[in-house]
Every structure is written in C-alpha cells, then in structure tokens.
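Q: File input_2.txt below, compact mmCIF, C-alpha atoms (C1' of nucleotides):
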# COMPACT_ATOMS: atom_id res chain seq x y z
CA MET A 15 -21.28 0.76 -16.86
CA LYS A 16 -17.95 0.83 -15.08
CA ARG A 17 -17.05 4.21 -16.47
CA ARG A 18 -19.62 5.78 -14.20
CA GLN A 19 -18.38 3.94 -11.11
CA TYR A 20 -14.80 4.99 -11.70
CA ASN A 21 -15.92 8.59 -11.88
CA THR A 22 -18.12 8.20 -8.81
CA VAL A 23 -15.20 6.97 -6.71
CA TYR A 24 -13.26 10.05 -7.71
CA ASN A 25 -16.09 12.41 -6.84
CA LYS A 26 -16.63 10.83 -3.45
CA LEU A 27 -12.96 10.91 -2.59
CA PHE A 28 -12.72 14.51 -3.68
CA ASP A 29 -15.78 15.49 -1.66
CA ALA A 30 -14.34 13.80 1.42
CA TYR A 31 -10.73 14.94 1.24
CA GLY A 32 -10.57 17.90 -1.12
CA GLN A 33 -7.59 19.02 -3.17
CA GLN A 34 -4.37 17.29 -2.23
CA HIS A 35 -1.94 19.67 -3.94
CA TRP A 36 0.35 16.99 -5.31
CA TRP A 37 3.18 16.44 -6.07
CA PRO A 38 5.06 18.06 -3.16
CA GLY A 39 8.14 19.68 -4.66
CA ASP A 40 9.20 23.00 -6.08
CA SER A 41 10.50 21.87 -9.45
CA PRO A 42 10.03 19.05 -11.96
CA PHE A 43 13.47 17.71 -11.10
CA GLU A 44 12.65 17.60 -7.41
CA ILE A 45 9.51 15.67 -8.28
CA MET A 46 11.56 13.16 -10.23
CA VAL A 47 14.01 12.72 -7.36
CA GLY A 48 11.11 12.23 -4.99
CA ALA A 49 9.59 9.62 -7.29
CA VAL A 50 12.75 7.52 -7.11
CA LEU A 51 13.28 7.99 -3.40
CA THR A 52 9.72 7.18 -2.40
CA GLN A 53 9.87 3.64 -3.73
CA ASN A 54 8.38 1.51 -0.98
CA THR A 55 9.14 4.28 1.49
CA ALA A 56 7.15 6.67 3.66
CA TRP A 57 7.11 10.18 2.24
CA SER A 58 8.22 11.70 5.56
CA ASN A 59 11.50 9.84 5.16
CA VAL A 60 11.90 11.04 1.59
CA GLU A 61 11.52 14.64 2.73
CA LYS A 62 14.47 14.24 5.05
CA ALA A 63 16.65 12.90 2.27
CA ILE A 64 15.63 15.67 -0.12
CA HIS A 65 16.32 18.20 2.58
CA ASN A 66 19.82 16.77 2.95
CA LEU A 67 20.37 17.36 -0.77
CA VAL A 68 18.99 20.88 -0.64
CA THR A 69 21.17 22.00 2.25
CA ARG A 70 24.23 20.81 0.33
CA ASN A 71 23.16 22.32 -2.98
CA LYS A 72 22.92 18.85 -4.46
CA LEU A 73 19.35 18.92 -5.70
CA ASP A 74 20.68 19.18 -9.22
CA PRO A 75 21.32 16.45 -11.79
CA HIS A 76 24.87 17.57 -12.57
CA ALA A 77 25.78 17.83 -8.91
CA ILE A 78 24.42 14.35 -8.29
CA ILE A 79 26.40 12.93 -11.18
CA ARG A 80 29.57 14.51 -9.79
CA ALA A 81 28.97 13.44 -6.21
CA ARG A 82 30.74 10.47 -4.72
CA LEU A 83 28.49 7.46 -4.46
CA ASP A 84 29.14 6.97 -0.75
CA HIS A 85 28.44 10.64 -0.06
CA LEU A 86 25.21 10.49 -2.00
CA ALA A 87 24.21 7.36 -0.13
CA ASN A 88 24.76 9.13 3.18
CA TRP A 89 22.58 12.05 2.15
CA LEU A 90 19.87 9.60 1.11
CA ARG A 91 20.14 7.51 4.26
CA PRO A 92 16.86 8.63 5.88
CA SER A 93 14.88 7.42 2.86
CA GLY A 94 16.00 3.82 3.33
CA TYR A 95 17.56 1.48 0.76
CA PHE A 96 20.14 4.23 0.51
CA ASN A 97 22.84 2.29 -1.30
CA ILE A 98 20.46 1.13 -4.00
CA LYS A 99 18.79 4.51 -4.26
CA ALA A 100 22.11 6.29 -4.61
CA GLU A 101 22.82 4.14 -7.67
CA ARG A 102 19.33 4.59 -9.03
CA LEU A 103 19.45 8.32 -8.64
CA LYS A 104 22.82 8.49 -10.38
CA ASN A 105 21.54 6.30 -13.20
CA PHE A 106 18.54 8.53 -13.55
CA CYS A 107 20.56 11.76 -13.56
CA ARG A 108 23.02 10.47 -16.15
CA TRP A 109 20.14 9.56 -18.41
CA TYR A 110 18.41 12.85 -17.74
CA VAL A 111 21.41 14.98 -18.59
CA ASP A 112 22.38 12.87 -21.60
CA ALA A 113 18.85 13.21 -22.92
CA GLY A 114 19.03 17.00 -22.76
CA GLU A 115 17.05 17.46 -19.55
CA TYR A 116 13.49 18.67 -19.35
CA ALA A 117 13.18 20.73 -22.49
CA GLU A 118 14.39 18.00 -24.81
CA LEU A 119 12.52 15.20 -23.08
CA ASP A 120 9.33 17.20 -23.10
CA LYS A 121 9.39 17.13 -26.91
CA LEU A 122 8.80 13.39 -26.86
CA GLU A 123 5.36 11.91 -27.21
CA THR A 124 4.16 10.22 -24.04
CA PRO A 125 4.71 6.59 -25.15
CA ALA A 126 8.28 7.35 -26.28
CA LEU A 127 9.03 9.26 -23.09
CA ARG A 128 7.62 6.41 -21.03
CA ASP A 129 9.75 3.84 -22.83
CA ALA A 130 12.81 6.01 -22.32
CA LEU A 131 12.13 6.30 -18.60
CA LEU A 132 11.67 2.56 -18.26
CA GLU A 133 15.11 1.97 -19.73
CA VAL A 134 16.70 3.61 -16.71
CA LYS A 135 17.77 0.95 -14.24
CA GLY A 136 15.87 1.63 -11.07
CA VAL A 137 12.86 3.19 -12.73
CA GLY A 138 9.93 0.81 -12.95
CA PRO A 139 6.37 1.34 -14.16
CA GLU A 140 5.06 3.23 -11.16
CA THR A 141 8.05 5.53 -10.83
CA ALA A 142 7.95 6.24 -14.56
CA ASP A 143 4.27 7.09 -14.38
CA ASP A 144 4.76 9.33 -11.34
CA ILE A 145 7.31 11.25 -13.37
CA LEU A 146 5.14 11.36 -16.48
CA LEU A 147 2.09 12.62 -14.62
CA TYR A 148 3.57 14.87 -11.96
CA ALA A 149 6.72 16.21 -13.62
CA PHE A 150 5.76 16.16 -17.32
CA ASN A 151 2.03 16.68 -16.89
CA ARG A 152 1.09 13.77 -19.14
CA PRO A 153 -2.31 12.09 -18.75
CA VAL A 154 -0.97 8.81 -17.40
CA PHE A 155 -2.79 7.06 -14.57
CA VAL A 156 -0.50 5.89 -11.77
CA ILE A 157 -1.34 2.48 -10.38
CA ASP A 158 -0.04 1.57 -6.94
CA ALA A 159 -0.78 -0.98 -4.25
CA TYR A 160 -3.48 1.26 -2.78
CA THR A 161 -5.25 1.59 -6.10
CA ARG A 162 -5.23 -2.17 -6.50
CA ARG A 163 -6.49 -2.79 -3.00
CA LEU A 164 -9.24 -0.20 -3.09
CA PHE A 165 -10.62 -1.17 -6.47
CA ALA A 166 -10.36 -4.87 -5.68
CA ARG A 167 -12.31 -4.30 -2.47
CA LEU A 168 -14.90 -2.32 -4.36
CA GLY A 169 -15.15 -5.15 -6.86
CA LEU A 170 -14.23 -2.83 -9.71
CA VAL A 171 -11.19 -4.76 -10.86
CA ASN A 172 -10.44 -8.38 -11.13
CA GLY A 173 -7.57 -8.67 -8.72
CA LYS A 174 -5.14 -10.44 -10.97
CA GLN A 175 -4.51 -7.81 -13.59
CA ASP A 176 -0.93 -6.74 -13.93
CA TYR A 177 0.24 -3.14 -13.86
CA GLU A 178 -0.20 -2.42 -17.55
CA GLN A 179 -3.61 -4.00 -17.76
CA MET A 180 -4.84 -2.01 -14.83
CA ARG A 181 -3.42 1.24 -16.15
CA ALA A 182 -5.08 0.55 -19.48
CA THR A 183 -8.40 0.03 -17.74
CA PHE A 184 -8.23 3.36 -15.91
CA GLU A 185 -7.08 5.23 -18.98
CA ARG A 186 -9.84 3.67 -21.07
CA LEU A 187 -12.63 4.42 -18.61
CA LEU A 188 -11.59 7.92 -17.58
CA LYS A 189 -11.25 11.07 -19.62
CA PRO A 190 -7.51 11.77 -20.05
CA ASP A 191 -7.45 14.83 -17.86
CA VAL A 192 -4.05 15.58 -16.30
CA ASP A 193 -5.46 17.55 -13.38
CA MET A 194 -8.00 14.86 -12.59
CA PHE A 195 -5.46 12.02 -12.87
CA ASN A 196 -3.16 14.01 -10.62
CA GLU A 197 -5.86 14.44 -8.03
CA TYR A 198 -7.27 10.94 -8.33
CA HIS A 199 -4.04 9.15 -7.50
CA ALA A 200 -3.29 11.59 -4.67
CA LEU A 201 -6.76 11.05 -3.24
CA ILE A 202 -6.37 7.28 -3.31
CA VAL A 203 -3.16 7.62 -1.31
CA ARG A 204 -4.81 10.06 1.05
CA HIS A 205 -7.74 7.70 1.56
CA ALA A 206 -5.42 4.75 2.17
CA LYS A 207 -3.96 6.49 5.20
CA ASN A 208 -7.43 6.64 6.61
CA VAL A 209 -8.32 2.98 6.58
CA CYS A 210 -7.38 -0.30 8.14
CA ARG A 211 -5.04 -2.32 5.95
CA THR A 212 -6.00 -5.77 7.08
CA ARG A 213 -9.79 -5.96 7.04
CA PRO A 214 -11.12 -6.18 3.49
CA THR A 215 -14.39 -4.58 4.45
CA CYS A 216 -12.86 -1.65 6.24
CA GLU A 217 -12.19 0.39 3.20
CA THR A 218 -15.78 0.40 2.10
CA CYS A 219 -17.58 0.33 5.43
CA VAL A 220 -15.63 2.31 8.00
CA LEU A 221 -16.08 5.29 5.83
CA ALA A 222 -19.77 4.62 5.57
CA ALA A 223 -20.28 7.19 8.28
CA GLY A 224 -18.35 9.51 6.09
CA CYS A 225 -16.76 7.06 3.75
CA PRO A 226 -16.35 8.50 0.33
CA ALA A 227 -16.02 5.04 -1.08
CA ALA A 228 -19.31 3.86 0.37
CA GLY A 229 -22.36 3.57 -1.78
CA ILE A 230 -20.64 3.06 -5.06
CA GLU A 231 -23.56 0.87 -6.25
C1' DA B 175 8.70 -6.21 19.26
C1' DC B 176 6.28 -6.10 15.04
C1' DC B 177 4.38 -3.90 10.78
C1' DC B 178 4.75 -1.26 6.84
C1' DA B 179 5.78 2.69 3.89
C1' DG B 180 3.55 6.87 -2.45
C1' DG B 181 8.80 -0.29 -5.73
C1' DG B 182 12.34 -2.43 -8.46
C1' DT B 183 15.81 -5.87 -9.62
C1' DC B 184 17.57 -10.22 -9.80
C1' DA B 185 17.76 -15.28 -9.30
C1' DT B 186 15.28 -19.30 -9.60
C1' DA B 187 11.59 -22.86 -11.34
C1' DT C 229 5.27 -15.84 -16.09
C1' DA C 230 5.38 -16.11 -11.47
C1' DT C 231 6.95 -16.13 -6.98
C1' DG C 232 10.74 -15.04 -3.39
C1' DA C 233 14.81 -12.65 -1.51
C1' DC C 234 16.76 -8.51 -1.02
C1' DC C 235 17.29 -3.70 -0.12
C1' DA C 236 17.02 -0.33 5.16
C1' DT C 237 15.27 3.86 7.66
C1' DG C 238 11.73 5.73 10.73
C1' DG C 239 7.02 6.14 12.70
C1' DG C 240 3.03 3.68 14.48
For the structure just supplied, provide its representation as structure tokens.

A:
Amino acid sequence: MKRRQYNTVYNKLFDAYGQQHWWPGDSPFEIMVGAVLTQNTAWSNVEKAIHNLVTRNKLDPHAIIRARLDHLANWLRPSGYFNIKAERLKNFCRWYVDAGEYAELDKLETPALRDALLEVKGVGPETADDILLYAFNRPVFVIDAYTRRLFARLGLVNGKQDYEQMRATFERLLKPDVDMFNEYHALIVRHAKNVCRTRPTCETCVLAAGCPAAGIE
DNA sequence: ACCCAGGGTCATA
DNA sequence: TATGACCATGGG
C-alpha cells in the first residue's frame, strides 16, 4: 500500500531533519508576499527584497498598491525577475484588498479560496497552495519540483503526472493534517538542499548512511 | 564561467 | 496539451 510509504517518507525526513518552523514570516501577509517573490528564486534573495519593503514600511497591501511600479521593482530587485514580480505583487494586493483581506477571504471554503487565488495573474498552482497552506492553514499539499524529483526517484509516482494529479495523490493518501502538510513540504525542501541534483540515485543512496529516504521498501 | 534557485505567463504547433 | 522562450539577481 502506497499510503504507508508516503507516511514512511515523512517520518524518515522528520527524524533526520526535525521541525523546520515554516513558513518564515511574521504575518500571513508577509507569507503571501514571500510566496510570490520566491517563484523560481532562492529564499535568501527573497529575504533581501522583503527586508527592503520592511525598512520602507511597505510590507502592507495598501502601501504596495499606492507605490509606484518602478519604485516597487527597485525594492524587489534582489529577488530577481523584479519587473514581473512588481506587477504580480500589485495584482495580488489589489485582489487581496478588494476581496476584504484576510478576514473575508478566510470565510471561503478551501476550493473557492483556491480558485480565487488562481484568478490572480501571477499566482499559479504552487504559489496558491503555499498561500493556502502557510497563510490560511488549509490542508493543501504543496507540490514542487523537489517533491516530483524525490518521489519519482523513490518510484512512488509515475513521473508524468501533472500538478493537480500529483496533489490529488498526496491528499488522497495522507491524512489532511495542516501541521503535517506544513512540515512535510518544508522537509522535502530541506532534504533537497542536502542532495546532488544530477545523479538519480543520490537522493536515495547518499543518505543511506543517514539518509532518511533510504529503506523505503 | 556555469548552474540553479521554495514558478508563471505567453506564443507557438 | 505540450514544449520553449522569457523573466534576472545572487550564491555555489
């Protein structure tokens, strides 16, 4: 049964790396901003951009809406793709404020909230799910490139499933536990930083001497 | 000098 | 639906 293997991977990762304390950020809104800025970008660069916003008192949806696009882009510069991300962040903030911000959005059921997020230009499936899980505490499993690679290498997914299919698989096999989903995704990212990206066997063998992913049956 | 990072959009076939 | 081009900084 795959259900057991999916849980085993989690337990081994947790034993190896421990609590990851995700998502870094002091407020739900900061988490949402981080989710947009971290698209295909190292987190260390995102931190610099968020810091730029904080020091200017711009870590606020209304302030971002008011800001000039070129100013916003300059503050976001360290996170890369800064012109695109400035637009995406503005799009997101306009939607967020129009929708009544956190309190109103939190009244929506998860599927409706997810659909609403996906309507924002610049918010795709992974960003939406980051926000759902880490800002709204909804039991949504975030799929990323690391998740694909790890589970493909473990032979636990058939590599050509799209995002939605893979998310459905995880959410079907695992108990919908927000804290566990939170930790699971964070652990996969943590583990990814520990392994070679190019050798398919690395992920499951290098850690054999301490590899949490080894011995999954 | 190259590779890639906690993706998404858009144009093309 | 399925690839490919494009976006761009910073650390290894």

Q: At what distance in Å, to one decimal, does CA of Asn88 (chain A) lie from CA of Asn59 (chain A)?

A: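 Between CA of Asn59 (chain A) and CA of Asn88 (chain A) the gap is 13.4 Å.
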
Q: How close does chain A get to chain C? List, as a tab-separated table, each residue of chain A within 7 Å, its nearest atom pair and the distance in Å to one decimal, counting only C-alpha atoms (C1' of nucleotides).

A:
residue	atom	partner	partner_atom	distance
A:Asn59	CA	C:DG238	C1'	6.9
A:Arg91	CA	C:DT237	C1'	7.0
A:Pro92	CA	C:DT237	C1'	5.3
A:Ser93	CA	C:DT237	C1'	6.0
A:Gly94	CA	C:DT237	C1'	4.4
A:Tyr95	CA	C:DA236	C1'	4.8
A:Ile98	CA	C:DC235	C1'	7.0

Q: Please dump the current selection as a PDB file, keeping the file's coordinate frame; keep C-alpha atoms.

A:
ATOM      1  CA  ASN A  59      11.500   9.840   5.160  1.00  0.00           C
ATOM      2  CA  ARG A  91      20.140   7.510   4.260  1.00  0.00           C
ATOM      3  CA  PRO A  92      16.860   8.630   5.880  1.00  0.00           C
ATOM      4  CA  SER A  93      14.880   7.420   2.860  1.00  0.00           C
ATOM      5  CA  GLY A  94      16.000   3.820   3.330  1.00  0.00           C
ATOM      6  CA  TYR A  95      17.560   1.480   0.760  1.00  0.00           C
ATOM      7  CA  ILE A  98      20.460   1.130  -4.000  1.00  0.00           C
TER       8      ILE A  98
END

Q: Please report as an MDAnalysis selection string which residues of chain A come no farther than 6 Å from chain B, using all atoms listed in the file.

A: chainID A and resid 53:56 136

Q: Pick from A:Arg108, A:Lys16, A:His35, A:Arg152: nearest to Arg204 (chain A), with all atoms listed in the file counted?

A: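 The answer is A:His35, which sits nearest to Arg204 (chain A).
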